[in-house]
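Have a look at the structure below, then the notes.
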Amino acid sequence: MTPPSAVVGWDIGGVNTKVVRLESGPNGPVQRSASLPFEIKYDPAALVTTMRQAARSIGGGAEDLHAVTMTAELSQAFRTKREGVGFILDALNAAFPDSRFHIYDVAGSFVGPAKARELPLAVAAANWSATAAWLARSTPTAILIDIGTTSADLIPIVNGRVVAQGRTDPERLLSGELVYTGTLRTPVEAVAHRVPLWGGIAGVAGDGFAIMGDVYLWLGQLRPEDYSCPTPDGGPLTRQSAGERLARVVCGDRDMLDEAAVDAIAETLASAQREMLAGSIARILDRWPLIDGVVVAGLGDFIGAEAARTLGLRIIPPPPALGQPARHAPAAAVAWLLWDSLQPSL
């Protein structure tokens with residue numbers, strides 16, 4: 001097969017659509033990337049328009065080959081993952097009718113759309129597998145910690161092999177290799193049930209008053225432009241507004257809670273999320289004691305690094321081809337995997 005002039009890698013999620021394009025250049029492939037916030041459950045039909053917009057933003061062409069991973073099949077827009085996988089494949093075909101698609105599966109292979117429809121659970125939520133497989137080529141022993149807006153993947157790599165115990169999302173939750181907590185969208189009551197207040201400990205209101213994005217916006221660890229979902233109260237993306245949302249976590253407001261009180265709430269929630277991740281990392285280390293380092297990626301790379309340091313693990317820089325700080329890692333990885341597989345052998 002003739003080597004491709006361009007490969008487009010997709011990570012099609014339920015709340016973000018990420019894309020990376022590799023194009024032949026005089027000094028090797030040129031990489032461009034984009035990420036578009038898009039909650040598929042509110043308007044599934046708009047996925048076609050979203051993908052076309054994303055492809056145009058990075059110079060996509062009709063002759064491009066497409067390498068695809070997906071997690072949007074878990075969306076409440078679909079009754080089953082089979083239905084979701086089929087919908088996404090239909091959307092790809094509608095968006096790029098003259099293109100060829102290579103769907104990545106959890107076993108580490110590319111399959112055609114027909115096979116993906118036949119075995120939807122093999123391609124559902126396979127983005128972690130693509131990132132880990134590509135990382136294993138340059139980092140033979142480590143844990144990949146990829147923390148996005150909604151969830152965290154913790155994938156062990158040992159002696160150049162991806163040794164994940166789980167394959168489907170439920171299996172990965174059982175193994176601790178998927179932790180459903182993220183940098184942005186996670187409700188704070190899913191992270192901690194109690195926080196400090198006025199010298200005591202207060203329960204947390206389970207009413208969606210604040211999300212972890214508010215915690216990191218308040219603490220200065222998240223930029224307003226990275227807060228890519230609506231705020232719980234519809235308020236602005238400012239530290240002041242984030243503080244108001246955090247005050248409501250204890251059924252208060254900023255007239256009642258001063259800066260120190262909000263600081264204590266935010267720091268406790270951030271610490272609880274780190275502990276949650278560290279607990280799952282420790283479970284993986286129990287199975288694979290040879291591992292002594294991690295590669296962190298995603299919007300929450302700083303959370304993963306802090307959690308790993310509490311366990312004495314070293315932080316290994318991600319390969320430059322994933323970009324810094326590897327915000328689009330699965331899309332980049334699946335693009336590189338297809339690109340490399342289609343190059344002529346030397």
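Order determines the names: the first chain of the structure tokens is A, the second B, and so forth; residues in each chain are numbered 1 upward, and ligands are numbered 1 upward as they are shown.
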Query raised in the report: Which neighbours of Pro224 in chain A fall inside 12 Å, counting only C-alpha atoms, when residues of the same chain fewer than 2 positions from it are skipped, and could you give them as a count of residues only?
Result: 24
Requested in this report: Could you give me the residues within range 24-237 of chain A that DSSP places in strand (DSSP E), as an MDAnalysis selection string?
Outcome: chainID A and resid 30:37 65:70 100:104 110:111 142:147 152:158 161:162 178:179 194:197 200:203
Report task. Could you tell me, as a PyMOL selection string, which residues of range 246-344 of chain A DSSP assigns to helix (DSSP H, G or I) when given the backbone? Result -> chain A and resi 246-248+259-287+301-309+320-322+329-341
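The two atoms in question, CA of Asp292 in chain A and CA of Leu178 in chain A, are spaced 19.6 Å apart.
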Report task. Find the residues around Ala126 in chain A up to 7 Å (only C-alpha atoms counted), leave out those fewer than 3 positions away in its own chain, and share them as an MDAnalysis selection string. Result -> chainID A and resid 69:70 104:106 123 129:130
**Report entry** Neighbour list for Ala297 in chain A as a ChimeraX atom specification, cut-off 9 Å, only C-alpha atoms, skip fewer than 2 positions in-chain
**Finding:** /A:144-148,295,299-302,304,318,322,324-329
Query - Counting only C-alpha atoms, the residue of A:Ala142, A:Val249, A:Ile58, A:Val191 that sits nearest Arg314 in chain A - result: A:Ala142
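Of the listed residues A:Leu342, A:Ala77, A:Val334, A:Leu246, the one whose atoms come nearest to Val195 in chain A is A:Leu246, with distances taken using only C-alpha atoms.
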Query raised in the report: With only C-alpha atoms as the basis for distance, which of A:Arg287, A:Arg79, A:Arg245, A:Arg185 is at the shortest distance from Ala210 in chain A?
Result: A:Arg245
Residues of range 234-321 of chain A that approach range 8-32 of chain A to 12 Å or less, counting only C-alpha atoms: could you list each one with the shortest pair of atoms and its distance in Å to one decimal, rows by chain and increasing residue number, as JSON lines?
{"residue": "A:Gly298", "atom": "CA", "partner": "A:Lys18", "partner_atom": "CA", "distance": 11.6}
{"residue": "A:Leu299", "atom": "CA", "partner": "A:Asn16", "partner_atom": "CA", "distance": 11.9}
{"residue": "A:Pro320", "atom": "CA", "partner": "A:Gln31", "partner_atom": "CA", "distance": 11.0}
{"residue": "A:Ala321", "atom": "CA", "partner": "A:Gln31", "partner_atom": "CA", "distance": 8.1}
**Report entry** Best match for closeness to Thr139 in chain A among A:Ala282, A:Met256, A:Met212, A:Ile291, counting only C-alpha atoms
**Finding:** A:Ile291
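Distances from A:Val111, A:Ala6, A:Val296, A:Leu74 to Pro319 in chain A were compared using only C-alpha atoms, and the smallest one belongs to A:Val296.
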Query raised in the report: Given the choices A:Tyr42, A:Ile265, A:Glu189, A:Thr181, which gets closest to Gly243 in chain A if the distance is worked out from only C-alpha atoms?
Result: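 Ranking A:Tyr42, A:Ile265, A:Glu189, A:Thr181 by distance to Gly243 in chain A, first place goes to A:Ile265.
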Query raised in the report: Skipping near chain neighbours, those fewer than 5 positions away, what residues fall within 10 Å of range 167-176 of chain A using only C-alpha atoms, listed as a list in words?
Result: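 What passes the distance filter is Thr71, Leu74, Asp105, Val106, Ala107, Leu121, Ala122, Val123, Ala124, Ala125, Ala126, Trp128, Ser129, Ala152, Asp153, Leu154, Ile155, Leu277, Gly279, Ser280, Ile281, Ala282, Arg283 and Ile284 of chain A.
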